[in-house]
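Step one of this worksheet: look at the structure below.
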Amino acid sequence: MEVSIKKGAFHKPESPDEKPYLIGSRCSSCGYMCFPKKEVCVKCVRDDCMEEKKFGPYARLDSYAVIQVAPTGFTAPYIQAYVVLEDGPKIFTLITGCEPRDDALEPGQKMELVIEKIRDDEKGNSLIGWKFKPVEEKNKS
Amino acid sequence: MRHVCIVGTGMHKFGKFLDKSLKDITKTAVWEAIHDADIDARAIQAAYFGNATGGLTIGQEAIRGHVMLRHAGFEGIPIVNVEGACASATIALREAVLAIKSGVYDVVLAVGAEKMYLDDTARSIAAMSTNSDVEIMGGMGFQFSASYAMTLRKYMKKYGWTQEHFAKVASKNKYNGSLNPLAQYQKPISVENILNSRLITWPLTLYMCSTMADGAAAAIVCSEDFARDNGMDFITIAACCLRSGELGEDDDGQRHIAKEAYEVADLGPEDIELAEVHDAMAPGEMFRIEKLGFCTPEKMGELVDNGYFSLKGDLPVNSSGGLAARGHPIGATGLAQIHELVTQMRGRAGARQVRGKSSEFPRLALAQNAGGYVDGSPAALTVTILKR
């Protein structure tokens with residue numbers, strides 16, 4: 001069975017022409033953005049200014065690390081990263097779609113959201129969550 | 001407001017002690033501190049007990065401090081349990097400081113203790129993973145080593161820090177640890193051997209990283225008036241600040257708390273003569289130093305090459321060996337840092353003793369401790385400044 005790693009945090013495409021997106025929040029007062037959703041803005045410390053906002057599917061790579069020693073449920077090597085969502089906040093993510101090598105990626109490069117299996121949970125369910133993959137940029141300016 | 005000071009510190013050696021319980025190592029640290037202060041233990045009016053993972057590791061989720069300290073001889077007095085991952089012990093110390101400042105008590109005890117070596121390694125690792133938001137990062141296989149690696153990669157790209165610099169810092173700290181009888185790892189390791197040890201997550205290799213550890217550390221905290229009235233040798237706590245991480249422009253809270261601590265102590269980074277910083281992965285020492293304002297990131301590589309932060313350097317950092325050599329039983333680390341500073345300031349550090357700038361021993365020293373990770377920044381951040 002497929003289980004979401006965090007309910008209501010993302011949209012998984014149901015057809016090939018649909019794009020996935022993440023569901024976070026934006027403060028209508030100060031512009032603070034976060035993912036996953038929050039009902040309180042940590043900058044304004046108010047509970048009446050947060051609006052739901054969809055992020056994605058693109059982001060820029062902030063930094064990454066190739067894990068060589070895996071925790072339970074994961075197989076090394078794999079890549080963990082921070083990406084800055086397009087018009088959105090910096091978030092923690094796993095990376096897919098490239099070799100898990102120390103020179104596989106370049107900070108600043110364009111990444112695209114993928115919703116896929118993260119790992120199996122203790123009950124044998126497939127935990128589904130967000131990952132990002134590198135995007136070939138044709139017209140790099 | 002009343003001035004607060006430390007009159008005694010103690011530690012149970014950090015390391016692997018499968019035959020000892022959390023009670024045993026707590027008792028040793030507490031009584032080492034009591035004997036160090038040369039105080040009648042009945043004078044202690046309250047205790048603050050820091051521990052991070054006792055609920056998951058040994059199954060003692062509730063009343064940890066009450067259980068451990070009853071074994072150490074304390075009944076009747078109020079005991080407060082404190083948890084803040086790797087910063088638990090410093091948060092306990094801060095509670096102790098606030099209690100004395102408030103005027104309610106004259107003498108209190110701060111303890112940090114952790115038992116990570118069990119007969120079941122998977123349980124220890126699972127417990128450690130709860131130092132992040134388990135719903136998101138824990139579930140996605142977040143690792144602290146990777147967090148350090150990501151930060152270091154940025155500095156490498158921007159400021160030319162190299163893996164060799166990182167190995168030099170790790171080697172310096174292994175050397176310091178080799179001179180510390182209470183350290184978990186007491187073997188010097190060459191830069192070359194550090195670089196050649198197993199890759200954990202580039203640029204970090206095995207000998208740059210802290211491992212599991214058992215250990216405890218404690219301090220007797222009192223008002224300066226009490227110390228003076230009783231003719232005790234005391235070290236003043238000039239600042240003991242606690243903040244939570246935040247997402248600023250160029251700051252996850254580490255610069256913010258450093259600024260606050262310097263303001264409280266009414267001094268600047270240039271005044272500090274000795275520092276213990278939180279380096280769960282030894283190269284992390286470099287960005288801690290930078291964020292504490294001891295030098296610019298541009299200058300860092302050169303200072304590391306020149307031994308600026310070694311025992312005989314201008315600003316010795318992690319004279320104890322730091323987290324990777326002294327050991328990192330997470331809930332005990334903060335007070336082990338304090339124990340090292342106090343030991344150095346009293347001139348009792350033996351082969352690893354450092355000199356002060358204008359006195360035989362350091363008179364102004366700083367400890368920086370951090371715990372946990374949430375929403376892209378550290379959960380708990382502390383900076384303590386001691387003054388003699």
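Each chain of the structure tokens is named A, B, ... in the order shown, its residues numbered from 1; ligands are numbered from 1 in display order.
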
Compute the set of chain A residues within 9 Å of chain B, using only C-alpha atoms, and express it as a PyMOL selection string. chain A and resi 5-6+34-35+42+62-74+80-82+90-94+102+107+118-119+127+129

Members of segment 15-154 of chain B assigned alpha helix (DSSP H) by DSSP, as a ChimeraX atom specification: /B:22-37,54-57,64-71,88-102,121-128,144-154

Would you pick out the contacts of Glu2 of chain A at 7 Å or less, using only C-alpha atoms, so that residues sharing its chain but fewer than 6 positions from it are not included, and give the list as a VMD selection string? chain A and resid 125 to 128

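Closest approach to Asp103 of chain A among A:Ile79, A:Phe132, A:Lys12, A:Cys49: A:Ile79, based on only C-alpha atoms.
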